[in-house]
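J.: Contents of entry.txt (compact mmCIF, C-alpha atoms and all ligand atoms) are below:
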```txt
# COMPACT_ATOMS: atom_id res chain seq x y z
CA MET A 4 0.00 0.00 0.00
CA ASN A 5 1.34 3.42 -0.85
CA LEU A 6 -1.10 6.11 0.20
CA LYS A 7 1.57 8.59 1.33
CA ASN A 8 0.47 12.21 0.78
CA ARG A 9 -3.01 11.14 -0.41
CA SER A 10 -6.13 12.78 1.00
CA PHE A 11 -9.08 10.71 2.25
CA ILE A 12 -12.14 12.51 0.89
CA THR A 13 -14.46 9.76 -0.38
CA LEU A 14 -14.12 6.00 -0.84
CA LEU A 15 -14.76 6.58 -4.56
CA ASP A 16 -11.07 7.65 -4.76
CA PHE A 17 -9.74 4.32 -3.43
CA THR A 18 -9.38 0.85 -4.92
CA PRO A 19 -10.76 -2.22 -3.12
CA GLU A 20 -7.14 -3.29 -2.48
CA GLU A 21 -6.34 0.05 -0.82
CA ILE A 22 -9.50 -0.12 1.31
CA ASN A 23 -8.66 -3.67 2.30
CA ASP A 24 -5.08 -2.65 3.20
CA LEU A 25 -6.44 0.17 5.40
CA ILE A 26 -8.69 -2.32 7.22
CA LEU A 27 -5.75 -4.71 7.71
CA LEU A 28 -3.56 -1.87 9.02
CA SER A 29 -6.39 -0.87 11.42
CA ALA A 30 -6.56 -4.43 12.77
CA ARG A 31 -2.79 -4.42 13.27
CA LEU A 32 -2.87 -1.09 15.10
CA LYS A 33 -5.77 -2.30 17.26
CA ASN A 34 -3.70 -5.31 18.24
CA GLU A 35 -0.65 -3.13 18.99
CA LYS A 36 -2.82 -0.92 21.21
CA TYR A 37 -4.24 -3.94 23.06
CA GLU A 38 -0.79 -5.47 23.51
CA GLY A 39 0.70 -2.19 24.73
CA ILE A 40 3.14 -2.08 21.80
CA PRO A 41 4.10 1.56 21.18
CA HIS A 42 3.44 2.83 17.63
CA ARG A 43 4.70 6.39 17.63
CA TYR A 44 5.49 6.30 13.91
CA LEU A 45 4.55 9.96 13.36
CA GLU A 46 6.57 11.52 16.17
CA GLY A 47 7.25 15.22 15.59
CA LYS A 48 4.33 15.77 13.23
CA ASN A 49 1.28 17.94 13.97
CA ILE A 50 -2.30 17.84 12.76
CA VAL A 51 -5.25 20.22 12.99
CA LEU A 52 -8.91 19.22 13.37
CA LEU A 53 -11.50 21.59 11.86
CA PHE A 54 -15.04 20.97 13.09
CA GLN A 55 -17.98 23.03 11.82
CA LYS A 56 -20.38 20.42 13.28
CA ASP A 57 -20.41 18.62 16.66
CA SER A 58 -18.71 15.28 17.26
CA THR A 59 -17.80 12.81 19.98
CA ARG A 60 -16.39 9.76 18.15
CA THR A 61 -14.65 11.41 15.22
CA ARG A 62 -12.97 14.10 17.24
CA CYS A 63 -11.83 11.71 19.98
CA ALA A 64 -10.69 9.12 17.43
CA PHE A 65 -8.49 11.68 15.67
CA GLU A 66 -7.13 13.06 18.96
CA VAL A 67 -6.35 9.73 20.62
CA GLY A 68 -5.12 8.26 17.32
CA ALA A 69 -2.78 11.20 16.74
CA LEU A 70 -1.44 11.09 20.32
CA ASP A 71 -0.82 7.32 20.09
CA LEU A 72 1.10 7.95 16.86
CA GLY A 73 3.25 10.54 18.63
CA MET A 74 1.74 13.65 17.06
CA GLY A 75 0.62 17.03 18.35
CA VAL A 76 -3.04 18.01 17.79
CA THR A 77 -4.90 21.34 17.54
CA PHE A 78 -8.73 21.38 17.67
CA LEU A 79 -10.62 24.24 16.04
CA GLY A 80 -14.38 24.19 16.66
CA PRO A 81 -17.19 26.03 14.86
CA ASN A 82 -16.32 29.32 16.58
CA GLY A 83 -12.63 28.99 17.25
CA SER A 84 -11.05 30.20 14.01
CA GLN A 85 -11.33 32.84 11.31
CA MET A 86 -12.44 30.27 8.71
CA ASN A 87 -15.60 31.21 6.80
CA LYS A 88 -16.24 34.37 8.81
CA LYS A 89 -13.20 36.47 7.91
CA GLU A 90 -11.16 34.04 5.82
CA SER A 91 -12.00 31.76 2.92
CA VAL A 92 -11.46 28.01 3.05
CA LYS A 93 -8.84 28.44 0.33
CA ASP A 94 -6.78 30.92 2.38
CA THR A 95 -7.25 28.83 5.53
CA ALA A 96 -5.89 25.83 3.62
CA ARG A 97 -2.81 27.75 2.51
CA VAL A 98 -2.12 28.90 6.08
CA LEU A 99 -2.71 25.58 7.84
CA GLY A 100 -0.76 23.63 5.23
CA ARG A 101 2.34 25.63 6.21
CA MET A 102 2.00 24.75 9.90
CA TYR A 103 0.52 21.28 9.97
CA ASP A 104 1.31 17.91 8.40
CA GLY A 105 -2.35 16.87 8.05
CA ILE A 106 -5.85 18.38 8.29
CA GLU A 107 -9.14 16.80 9.36
CA PHE A 108 -12.36 18.53 8.29
CA ARG A 109 -15.94 17.98 9.46
CA GLY A 110 -18.50 20.31 7.97
CA TYR A 111 -21.23 20.90 5.47
CA LYS A 112 -19.97 21.22 1.92
CA GLN A 113 -17.99 18.55 0.11
CA ALA A 114 -16.51 21.46 -1.89
CA ASP A 115 -14.84 22.75 1.30
CA VAL A 116 -13.00 19.52 2.06
CA LEU A 117 -11.95 19.36 -1.59
CA ALA A 118 -10.65 22.95 -1.43
CA LEU A 119 -8.65 22.17 1.71
CA ALA A 120 -7.07 19.21 -0.08
CA GLU A 121 -6.35 21.24 -3.20
CA PHE A 122 -4.75 24.25 -1.53
CA SER A 123 -3.12 23.00 1.69
CA GLY A 124 -0.50 20.71 0.14
CA VAL A 125 -0.91 18.18 2.99
CA PRO A 126 -3.21 15.14 3.41
CA VAL A 127 -6.80 16.11 4.25
CA TRP A 128 -9.23 13.65 5.87
CA ASN A 129 -12.99 13.95 5.54
CA GLY A 130 -14.47 13.58 9.02
CA LEU A 131 -18.04 13.96 7.61
CA THR A 132 -19.72 16.28 5.17
CA ASP A 133 -23.35 16.51 4.07
CA ASP A 134 -22.51 14.03 1.30
CA TYR A 135 -20.07 11.48 2.72
CA HIS A 136 -18.63 9.97 5.91
CA PRO A 137 -15.83 7.72 4.62
CA THR A 138 -13.85 7.12 7.84
CA GLN A 139 -17.03 5.69 9.42
CA ILE A 140 -17.24 3.04 6.70
CA LEU A 141 -13.75 1.74 7.49
CA ALA A 142 -14.82 1.25 11.13
CA ASP A 143 -18.05 -0.44 10.05
CA PHE A 144 -16.21 -2.81 7.73
CA LEU A 145 -13.51 -3.61 10.31
CA THR A 146 -16.36 -4.51 12.70
CA ILE A 147 -18.06 -6.72 10.10
CA LYS A 148 -14.73 -8.48 9.43
CA GLU A 149 -14.28 -9.05 13.16
CA LEU A 150 -17.81 -10.49 13.40
CA TYR A 151 -17.93 -12.65 10.25
CA GLY A 152 -14.31 -12.90 9.02
CA TYR A 153 -15.03 -11.51 5.55
CA LEU A 154 -16.79 -8.70 3.64
CA LYS A 155 -17.45 -10.04 0.15
CA GLY A 156 -20.91 -11.61 -0.02
CA ILE A 157 -22.21 -10.11 3.25
CA ASN A 158 -25.88 -9.12 2.90
CA PHE A 159 -25.89 -5.56 4.15
CA THR A 160 -29.20 -3.74 4.69
CA PHE A 161 -29.34 -0.02 5.39
CA VAL A 162 -32.71 1.06 6.79
CA GLY A 163 -33.66 4.74 6.82
CA ASP A 164 -32.52 7.95 5.18
CA SER A 165 -30.61 6.23 2.37
CA ARG A 166 -29.52 9.45 0.68
CA ASN A 167 -27.68 10.96 3.62
CA ASN A 168 -23.91 10.89 4.11
CA MET A 169 -24.09 7.41 5.68
CA GLY A 170 -26.40 5.87 3.09
CA ASN A 171 -24.22 7.22 0.27
CA SER A 172 -20.95 6.10 1.81
CA LEU A 173 -22.15 2.64 2.83
CA MET A 174 -23.46 2.04 -0.70
CA ILE A 175 -20.08 3.09 -2.18
CA GLY A 176 -18.14 0.99 0.32
CA SER A 177 -20.35 -2.04 -0.37
CA ALA A 178 -19.93 -1.63 -4.14
CA LYS A 179 -16.15 -1.44 -3.75
CA MET A 180 -15.80 -4.38 -1.37
CA GLY A 181 -18.40 -6.78 -2.81
CA LEU A 182 -21.13 -6.60 -0.16
CA ASN A 183 -24.75 -7.05 -1.25
CA PHE A 184 -26.24 -3.65 -0.38
CA THR A 185 -29.98 -3.19 0.10
CA GLY A 186 -31.40 0.24 0.94
CA VAL A 187 -34.77 0.08 2.71
CA ALA A 188 -36.63 3.40 2.63
CA PRO A 189 -39.50 5.25 1.00
CA LYS A 190 -38.57 6.19 -2.59
CA GLU A 191 -38.22 9.87 -1.65
CA LEU A 192 -35.16 8.96 0.44
CA TRP A 193 -33.27 6.82 -2.06
CA PRO A 194 -29.87 8.22 -3.16
CA ASP A 195 -29.25 10.29 -6.21
CA GLN A 196 -29.64 8.07 -9.32
CA GLU A 197 -26.25 9.20 -10.67
CA LEU A 198 -24.49 7.91 -7.54
CA ILE A 199 -26.47 4.65 -7.71
CA ASN A 200 -25.35 4.25 -11.36
CA THR A 201 -21.71 4.89 -10.40
CA CYS A 202 -21.99 2.23 -7.69
CA LEU A 203 -23.63 -0.24 -10.09
CA GLU A 204 -20.63 0.20 -12.41
CA ILE A 205 -18.17 -0.36 -9.54
CA ALA A 206 -20.20 -3.38 -8.40
CA LYS A 207 -19.61 -5.11 -11.76
CA GLU A 208 -15.93 -5.43 -10.75
CA SER A 209 -16.46 -6.57 -7.16
CA GLY A 210 -19.54 -8.79 -7.61
CA ALA A 211 -21.58 -6.62 -5.22
CA THR A 212 -25.31 -6.13 -5.71
CA ILE A 213 -27.12 -2.83 -5.10
CA ASN A 214 -30.87 -2.79 -4.54
CA PHE A 215 -33.53 -0.53 -3.07
CA THR A 216 -36.95 -1.41 -1.73
CA GLU A 217 -39.77 0.20 0.23
CA ASP A 218 -40.65 -3.19 1.73
CA LYS A 219 -38.87 -3.44 5.10
CA MET A 220 -39.59 -7.15 5.60
CA ALA A 221 -38.42 -8.16 2.10
CA GLY A 222 -35.36 -5.90 2.43
CA THR A 223 -34.22 -7.32 5.76
CA LYS A 224 -35.12 -10.98 5.23
CA GLU A 225 -31.69 -12.32 4.26
CA ALA A 226 -29.65 -9.65 6.06
CA ASP A 227 -26.36 -10.46 7.82
CA VAL A 228 -26.10 -6.83 8.94
CA ILE A 229 -28.89 -4.32 9.58
CA TYR A 230 -27.68 -0.73 9.83
CA THR A 231 -29.51 2.49 10.49
CA ASP A 232 -28.74 6.17 11.11
CA VAL A 233 -30.62 9.20 12.43
CA TRP A 234 -33.65 10.39 10.46
CA VAL A 235 -32.50 14.03 10.51
CA SER A 236 -28.82 14.75 10.04
CA MET A 237 -26.67 17.56 11.44
CA GLY A 238 -27.22 20.79 9.55
CA GLU A 239 -30.79 19.98 8.45
CA PRO A 240 -33.45 22.45 9.64
CA LYS A 241 -35.77 21.51 12.52
CA GLU A 242 -38.74 21.82 10.15
CA VAL A 243 -37.88 18.58 8.34
CA TRP A 244 -38.69 16.46 11.42
CA ASP A 245 -42.43 16.27 10.70
CA GLU A 246 -41.97 15.11 7.12
CA ARG A 247 -39.13 12.73 8.05
CA LEU A 248 -41.15 11.15 10.90
CA ALA A 249 -44.05 10.59 8.50
CA LEU A 250 -41.73 8.90 6.00
CA LEU A 251 -39.48 6.95 8.35
CA SER A 252 -41.34 6.04 11.54
CA PRO A 253 -42.71 2.89 9.83
CA TYR A 254 -39.06 1.94 9.27
CA GLN A 255 -37.92 2.07 12.92
CA VAL A 256 -35.52 -0.85 13.50
CA ASP A 257 -37.16 -3.06 16.13
CA MET A 258 -36.83 -6.66 17.31
CA GLU A 259 -39.45 -7.78 14.78
CA MET A 260 -37.20 -6.54 11.98
CA LEU A 261 -34.11 -8.16 13.51
CA ASN A 262 -35.95 -11.46 14.01
CA ASN A 263 -37.04 -11.34 10.38
CA ALA A 264 -33.37 -11.45 9.27
CA LYS A 265 -30.87 -14.31 9.46
CA PRO A 266 -30.53 -15.74 13.00
CA THR A 267 -26.89 -14.58 12.93
CA VAL A 268 -27.79 -10.96 12.03
CA SER A 269 -25.83 -8.09 13.61
CA PHE A 270 -27.07 -4.57 14.22
CA LEU A 271 -24.80 -1.58 13.55
CA HIS A 272 -25.32 2.20 13.82
CA CYS A 273 -22.72 4.93 13.35
CA LEU A 274 -24.05 6.64 16.53
CA PRO A 275 -25.18 8.90 18.10
CA ALA A 276 -28.55 7.07 18.18
CA PHE A 277 -31.96 8.11 19.44
CA HIS A 278 -33.07 5.03 21.38
CA ASP A 279 -34.11 6.27 24.82
CA LYS A 280 -35.41 9.23 26.83
CA ASP A 281 -31.95 10.34 27.86
CA THR A 282 -31.28 12.94 25.14
CA ASP A 283 -32.59 16.49 24.84
CA VAL A 284 -33.57 16.06 21.19
CA GLY A 285 -35.21 12.68 21.83
CA ARG A 286 -37.31 14.17 24.64
CA GLN A 287 -38.27 17.24 22.57
CA ILE A 288 -39.29 15.23 19.51
CA SER A 289 -41.25 12.73 21.62
CA ALA A 290 -43.08 15.52 23.43
CA GLU A 291 -43.89 17.33 20.19
CA TYR A 292 -44.72 14.41 17.91
CA GLY A 293 -45.36 11.40 20.21
CA LYS A 294 -49.16 11.55 19.78
CA LYS A 295 -48.99 11.75 15.99
CA TYR A 296 -46.24 9.09 15.66
CA PRO A 297 -46.69 6.72 18.64
CA LYS A 298 -43.46 4.83 17.86
CA VAL A 299 -41.37 7.83 18.94
CA LYS A 300 -43.07 8.34 22.27
CA ASN A 301 -40.16 7.13 24.41
CA GLY A 302 -37.42 9.03 22.64
CA GLU A 303 -36.92 5.94 20.48
CA MET A 304 -36.68 6.95 16.87
CA GLU A 305 -34.62 5.16 14.21
CA VAL A 306 -33.99 2.21 16.56
CA THR A 307 -35.60 0.83 19.69
CA ASP A 308 -33.75 0.62 22.98
CA GLU A 309 -34.32 -3.14 22.97
CA VAL A 310 -32.34 -3.48 19.71
CA ILE A 311 -29.45 -1.27 20.85
CA GLU A 312 -29.19 -3.21 24.13
CA SER A 313 -29.65 -6.66 22.53
CA SER A 314 -26.93 -9.27 22.07
CA LYS A 315 -27.17 -8.66 18.31
CA SER A 316 -25.99 -5.05 18.66
CA PHE A 317 -22.27 -4.29 18.18
CA VAL A 318 -22.50 -0.51 18.10
CA PHE A 319 -19.93 0.16 20.82
CA GLN A 320 -17.34 -2.18 19.29
CA GLU A 321 -18.03 -0.29 16.06
CA ALA A 322 -17.53 3.06 17.84
CA GLU A 323 -14.19 1.92 19.27
CA ASN A 324 -13.12 0.89 15.79
CA ARG A 325 -13.42 4.52 14.66
CA MET A 326 -10.16 5.13 16.52
CA HIS A 327 -8.20 2.20 15.11
CA THR A 328 -9.32 2.90 11.54
CA ILE A 329 -8.74 6.67 11.70
CA LYS A 330 -5.28 5.95 13.09
CA ALA A 331 -4.63 3.72 10.07
CA VAL A 332 -5.75 6.46 7.67
CA MET A 333 -3.41 8.99 9.28
CA LEU A 334 -0.48 6.56 9.33
CA ALA A 335 -0.97 5.40 5.73
CA THR A 336 -1.25 8.93 4.35
CA MET A 337 1.56 10.49 6.44
CA GLY A 338 3.93 7.76 7.49
CA GLU A 339 6.82 5.73 6.16
CA ASN A 340 8.75 2.72 7.45
CA TYR A 341 5.86 1.38 9.51
CA GLU A 342 5.33 -1.86 7.52
N1 LIG B 1 -20.31 8.41 14.14
C1 LIG B 1 -19.82 9.66 14.27
O1 LIG B 1 -19.25 10.25 13.35
O2 LIG B 1 -19.98 10.17 15.52
P1 LIG B 1 -19.63 11.65 15.99
O3 LIG B 1 -20.63 12.57 15.36
O4 LIG B 1 -19.73 11.60 17.48
O5 LIG B 1 -18.24 11.98 15.52
N1 LIG B 2 -26.11 11.27 9.18
C1 LIG B 2 -25.57 11.69 10.45
C2 LIG B 2 -24.30 10.95 10.75
C3 LIG B 2 -23.69 11.28 12.08
C4 LIG B 2 -22.43 10.51 12.35
C5 LIG B 2 -25.35 13.18 10.45
O1 LIG B 2 -24.80 13.70 9.47
O2 LIG B 2 -25.76 13.85 11.40
```
Produce structure tokens that represent the structure in this file.
T.:
Amino acid sequence: MNLKNRSFITLLDFTPEEINDLILLSARLKNEKYEGIPHRYLEGKNIVLLFQKDSTRTRCAFEVGALDLGMGVTFLGPNGSQMNKKESVKDTARVLGRMYDGIEFRGYKQADVLALAEFSGVPVWNGLTDDYHPTQILADFLTIKELYGYLKGINFTFVGDSRNNMGNSLMIGSAKMGLNFTGVAPKELWPDQELINTCLEIAKESGATINFTEDKMAGTKEADVIYTDVWVSMGEPKEVWDERLALLSPYQVDMEMLNNAKPTVSFLHCLPAFHDKDTDVGRQISAEYGKKYPKVKNGEMEVTDEVIESSKSFVFQEAENRMHTIKAVMLATMGENYE
């Protein structure tokens, strides 16, 4: 694998071999962490994390990953820098590229992460945009490999807003790596046809299949993995909740759906998940819409608490894997002599 100086913007830019190598490197780094084997391969380097949206997993994964690799880290939140307000992304890129060896970006526009990559001269990693969330897919696929031992041929069902950053990226990742991807959602929430066509082309090489259905029982019947994500993503206006609840509340992932799949099915979710009363947004939405959409009355939205807490749920293993996989991305794109 030679990914030195490459940016990690979308999985569309990477071959199946490169994705596989990143997953293998992640597994190796996970083992080194567990065994207490130091891996400070990037000692003396510094990275900066630019977050226009909130984060727990992605931020912590980059920070802990960078520290384990021996690097210094600067975090810039939505209000901490001049970017966007007094300085363009292009100028920010040219400044940060002279001080840092790598840049993580979480924000809205895919164009911004592309501009950072174009003008900074250092590797840029996409920590989530409105369109894609590629580092999450590496963690999801490492988790699936840990659970089943392989990726090719896994029946992967995504239930919910299939045209958000997660739906898009999981479809691309599946097409690249030969998983059989099924999106289960009302037609209004299927991805852009152009992206589906691109994935169908990629799938010809890998043997993957890509399908969409509105029928949740048919779509989950043969599933090895059932995955869901929030119904309203960061950056979307509050007003979309009503429409989204109408479209997606029939698609809440519950035990009936899990029991409809293969007996060996696993449940994954990128997190954060609305599955109980213990979140402000969950409580607000339940109070406002619970009568109209009874399924959301306990703060449970895209997934029930019973599913998250069940023995079929591996969401916290998946969350931990964010760190090992992000570490691999940083090492592969910045490091040398670590093989
Ligand atoms: N899954 C994920 O990206 O989580 P955060 O928003 O907490 O980073
Ligand atoms: N689709 C979600 C993913 C969060 C990790 C969002 O963009 O808010």
J.: Please report as a tab-separated table every residue of stretch 49-132 of chain A lying within 7 Å of stretch 136-143 of chain A, along with the nearest atom pair and their distance in Å (one decimal), using all atoms listed in the file.
T.:
```
residue	atom	partner	partner_atom	distance
A:Asn129	CA	A:Pro137	CA	6.9
A:Gly130	CA	A:His136	CA	6.3
A:Leu131	CA	A:His136	CA	4.4
A:Thr132	CA	A:His136	CA	6.4
```
J.: Sorted by chain and rising residue number, which residues of chain A lie within 10 Å of ligand LIG 2 (chain B), and what are their closest atom pairs and distances in Å to one decimal, counting only C-alpha atoms and all ligand atoms, as a tab-separated table?
T.:
```
residue	atom	partner	partner_atom	distance
A:Lys56	CA	B:LIG2	O2	8.7
A:Asp57	CA	B:LIG2	O2	8.9
A:Ser58	CA	B:LIG2	C4	7.8
A:Thr59	CA	B:LIG2	C4	9.2
A:Arg60	CA	B:LIG2	C4	8.4
A:Thr61	CA	B:LIG2	C4	8.3
A:Arg109	CA	B:LIG2	O1	9.8
A:Gly110	CA	B:LIG2	O1	9.3
A:Tyr111	CA	B:LIG2	O1	9.0
A:Gly130	CA	B:LIG2	C4	9.2
A:Leu131	CA	B:LIG2	O1	7.0
A:Thr132	CA	B:LIG2	O1	7.1
A:Asp133	CA	B:LIG2	O1	6.3
A:Asp134	CA	B:LIG2	O1	8.5
A:Tyr135	CA	B:LIG2	O1	8.5
A:His136	CA	B:LIG2	C4	7.5
A:Gln139	CA	B:LIG2	C4	7.8
A:Asp164	CA	B:LIG2	N1	8.3
A:Ser165	CA	B:LIG2	N1	9.6
A:Arg166	CA	B:LIG2	N1	9.3
A:Asn167	CA	B:LIG2	N1	5.8
A:Asn168	CA	B:LIG2	N1	5.5
A:Met169	CA	B:LIG2	N1	5.6
A:Gly170	CA	B:LIG2	N1	8.1
A:Asn171	CA	B:LIG2	N1	10.0
A:Thr231	CA	B:LIG2	N1	9.5
A:Asp232	CA	B:LIG2	N1	6.1
A:Val233	CA	B:LIG2	N1	5.9
A:Trp234	CA	B:LIG2	N1	7.7
A:Val235	CA	B:LIG2	O2	6.8
A:Ser236	CA	B:LIG2	O2	3.5
A:Met237	CA	B:LIG2	O2	3.8
A:Gly238	CA	B:LIG2	O2	7.3
A:Glu239	CA	B:LIG2	O2	8.5
A:His272	CA	B:LIG2	C4	8.9
A:Cys273	CA	B:LIG2	C4	5.7
A:Leu274	CA	B:LIG2	C4	5.9
A:Pro275	CA	B:LIG2	C4	6.6
A:Ala276	CA	B:LIG2	C3	8.9
```
J.: Work out how far atom CA of A:Lys265 is from atom CA of A:Asn214, in Å to one decimal.
T.: 18.1 Å
J.: Would you work out the distance separating atom CA of A:Gly186 from atom P1 of ligand LIG 1 (chain B), expressed in Å to one decimal?
T.: 22.3 Å
J.: Work out how far atom CA of A:Ser91 is from atom CA of A:Ala64, in Å to one decimal.
T.: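 These two atoms are separated by 26.9 Å.
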J.: Tell me which protein, DNA and RNA residues are within 9 Å of A:Ala96, counting only C-alpha atoms, leaving out same-chain ones fewer than 6 positions away, and put them as a ChimeraX atom specification.
T.: /A:106,118-124
J.: Name the closest residue to A:Asp195 among the candidates A:Ile329, A:Met174, A:Ala211, A:Val310; distances are taken between atoms, counting only C-alpha atoms.
T.: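 Once distances to A:Asp195 are computed over only C-alpha atoms, the minimum belongs to A:Met174.
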J.: Counting all atoms listed in the file, which of A:Arg62, A:Lys294, A:Arg31, A:His278 gets nearest to ligand LIG 1 (chain B)?
T.: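 Of A:Arg62, A:Lys294, A:Arg31, A:His278, the one nearest ligand LIG 1 (chain B), counting all atoms listed in the file, is A:Arg62.
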J.: Would you mind telling me which residue in A:Phe54, A:Phe108, A:Tyr103, A:Phe144 lies nearest to A:Ile26 when using only C-alpha atoms?
T.: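 Using only C-alpha atoms, A:Ile26 sits closest to A:Phe144.
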